[in-house]
Amino acid sequence: MKLDVVNLQAGNAGEIELNEAIFGLEPRADILHRVVRWQRAKAQAGTHKVKTRSETSYSTKKIYRQKGTGGARHGDRNAPIFRKGGVYKGPTPRSHAFDLPKKVRALGLRMALSAKAGSGKLIVLDTTEMAEAKTSVLAKAAKELGWKKALIIDGAEVNENFARAARNLEGVDVLSSMGANVYDILRRDTLVITRAGLEALEARLA
């Protein structure tokens, strides 16, 4: 598969051959779904917490005698049956992460890249080199190139001026090749990868 390479001035910078094993697969919704669920579960904070009957702030004294009152038997006011008492089997801090095989994760990333390539939403950028970190300059370039909601993947390291210029652009995310992931690729309409990013992704997924 061949794609034209563009530069930030919206000009042509040649063409490039894409690896069919990475960009030419038939996307499977079930694989993409599994990887996205794995990512979101791993990112979940899991800091939910309620107080049990041993943690609520009440006396542990028996509220009244066991027999002879005509009422139900009770111990202290911390019991879950009472208002402001402890919660029984409530949520506690925990990790929501679960294991997913590395091969499935790598396959999901290849399929996400293939989905963008197959739908014509993949753009190859020559380089992200910028003389100065000006958001206005990058915003103008993004408008000319038609980037509204875009994820830009650079090489091992993102150009500092480019990253600073893109920081304040709404709908534009910038990642290094090691940060490329299924969720971020799918949530943006356009995927932009630099030449350096392509080389790094091919080395990572080879």
# chains A, B, ... in the order shown; residues from 1 in each chain; ligands from 1
$ residues_around --residues "region 140-155 of chain A" --least-positions-apart "3" --cutoff "8 Å" --atoms "only C-alpha atoms" --output "JSON, numbers by chain"
{"A": [8, 9, 10, 128, 136, 137, 158, 159, 170, 171, 172, 173, 174, 175, 176, 177, 180, 184, 185, 188, 189, 190, 191, 192, 193, 194, 195, 196, 197, 198, 199, 200]}
$ select_by_dssp --residues "region 112-200 of chain A" --states "strand (DSSP E or B)" --output "PyMOL selection string"
chain A and resi 122-125+150-153+172-175+190-194
$ residues_around --residues "region 31-37 of chain A" --least-positions-apart "2" --cutoff "10 Å" --atoms "only C-alpha atoms" --output "MDAnalysis selection string"
chainID A and resid 27:29 39:43 97:98 100:101 104:112 181:184 186
$ residues_around --residues "Leu18 (chain A)" --least-positions-apart "4" --cutoff "9 Å" --atoms "only C-alpha atoms" --output "list in words"
Met1, Lys2, Leu3, Ile22, Phe23, Gly24 and Leu198 of chain A
$ closest_residue --among "A:Arg65, A:Arg83, A:Lys89, A:Arg94" --to "Gly46 (chain A)" --atoms "only C-alpha atoms"
A:Arg94
$ select_by_dssp --residues "region 67-142 of chain A" --states "helix (DSSP H, G or I)" --output "PyMOL selection string"
chain A and resi 102-118+135-142
$ decode --residues "region 137-148 of chain A" --atoms "all heavy atoms" --output "short mmCIF file (atom, residue, chain, number, x, y, z; two decimals), in the first residue's frame"
data_model
loop_
_atom_site.label_atom_id
_atom_site.label_comp_id
_atom_site.auth_asym_id
_atom_site.auth_seq_id
_atom_site.Cartn_x
_atom_site.Cartn_y
_atom_site.Cartn_z
N VAL A 137 0.66 29.23 14.22
CA VAL A 137 1.24 28.66 12.99
C VAL A 137 0.73 27.24 12.77
O VAL A 137 0.32 26.87 11.67
CB VAL A 137 2.78 28.68 13.06
CG1 VAL A 137 3.39 27.96 11.86
CG2 VAL A 137 3.30 30.11 13.15
N LEU A 138 0.73 26.44 13.84
CA LEU A 138 0.27 25.05 13.73
C LEU A 138 -1.23 24.98 13.50
O LEU A 138 -1.71 24.12 12.76
CB LEU A 138 0.65 24.28 15.00
CG LEU A 138 0.39 22.77 14.97
CD1 LEU A 138 1.08 22.11 13.78
CD2 LEU A 138 0.85 22.11 16.26
N ALA A 139 -1.99 25.90 14.10
CA ALA A 139 -3.44 25.93 13.90
C ALA A 139 -3.78 26.22 12.44
O ALA A 139 -4.70 25.61 11.87
CB ALA A 139 -4.07 26.99 14.80
N LYS A 140 -3.02 27.13 11.84
CA LYS A 140 -3.23 27.45 10.42
C LYS A 140 -2.91 26.25 9.54
O LYS A 140 -3.64 25.92 8.60
CB LYS A 140 -2.36 28.65 10.04
CG LYS A 140 -2.58 29.14 8.61
CD LYS A 140 -1.66 30.31 8.29
CE LYS A 140 -1.85 30.74 6.83
NZ LYS A 140 -0.92 31.84 6.47
N ALA A 141 -1.80 25.56 9.87
CA ALA A 141 -1.40 24.37 9.10
C ALA A 141 -2.44 23.25 9.25
O ALA A 141 -2.79 22.59 8.26
CB ALA A 141 -0.03 23.88 9.58
N ALA A 142 -2.94 23.06 10.47
CA ALA A 142 -3.96 22.03 10.72
C ALA A 142 -5.24 22.31 9.94
O ALA A 142 -5.89 21.40 9.42
CB ALA A 142 -4.25 21.94 12.21
N LYS A 143 -5.59 23.60 9.86
CA LYS A 143 -6.80 23.98 9.12
C LYS A 143 -6.63 23.71 7.62
O LYS A 143 -7.53 23.19 6.95
CB LYS A 143 -7.10 25.47 9.35
CG LYS A 143 -8.43 25.92 8.79
CD LYS A 143 -8.72 27.36 9.15
CE LYS A 143 -10.08 27.78 8.60
NZ LYS A 143 -10.39 29.20 8.91
N GLU A 144 -5.44 24.05 7.08
CA GLU A 144 -5.17 23.81 5.65
C GLU A 144 -5.13 22.31 5.33
O GLU A 144 -5.54 21.89 4.26
CB GLU A 144 -3.84 24.46 5.27
CG GLU A 144 -3.89 25.98 5.22
CD GLU A 144 -2.53 26.58 4.91
OE1 GLU A 144 -1.56 25.81 4.72
OE2 GLU A 144 -2.44 27.83 4.87
N LEU A 145 -4.64 21.51 6.28
CA LEU A 145 -4.55 20.07 6.08
C LEU A 145 -5.84 19.34 6.42
O LEU A 145 -5.96 18.14 6.19
CB LEU A 145 -3.39 19.50 6.92
CG LEU A 145 -1.99 19.88 6.46
CD1 LEU A 145 -0.97 19.66 7.57
CD2 LEU A 145 -1.60 19.08 5.22
N GLY A 146 -6.81 20.06 7.02
CA GLY A 146 -8.11 19.46 7.34
C GLY A 146 -8.12 18.62 8.59
O GLY A 146 -8.92 17.69 8.72
N TRP A 147 -7.23 18.93 9.54
CA TRP A 147 -7.19 18.19 10.81
C TRP A 147 -8.13 18.85 11.81
O TRP A 147 -7.84 19.94 12.29
CB TRP A 147 -5.79 18.16 11.40
CG TRP A 147 -4.74 17.57 10.52
CD1 TRP A 147 -4.93 16.85 9.38
CD2 TRP A 147 -3.32 17.66 10.70
NE1 TRP A 147 -3.73 16.49 8.83
CE2 TRP A 147 -2.71 16.95 9.62
CE3 TRP A 147 -2.51 18.24 11.67
CZ2 TRP A 147 -1.34 16.84 9.49
CZ3 TRP A 147 -1.13 18.13 11.54
CH2 TRP A 147 -0.56 17.43 10.46
N LYS A 148 -9.23 18.21 12.12
CA LYS A 148 -10.15 18.74 13.14
C LYS A 148 -9.99 17.98 14.45
O LYS A 148 -9.78 18.56 15.50
CB LYS A 148 -11.59 18.66 12.64
CG LYS A 148 -11.88 19.65 11.51
CD LYS A 148 -13.33 19.60 11.08
CE LYS A 148 -13.59 20.59 9.96
NZ LYS A 148 -15.00 20.52 9.49
#
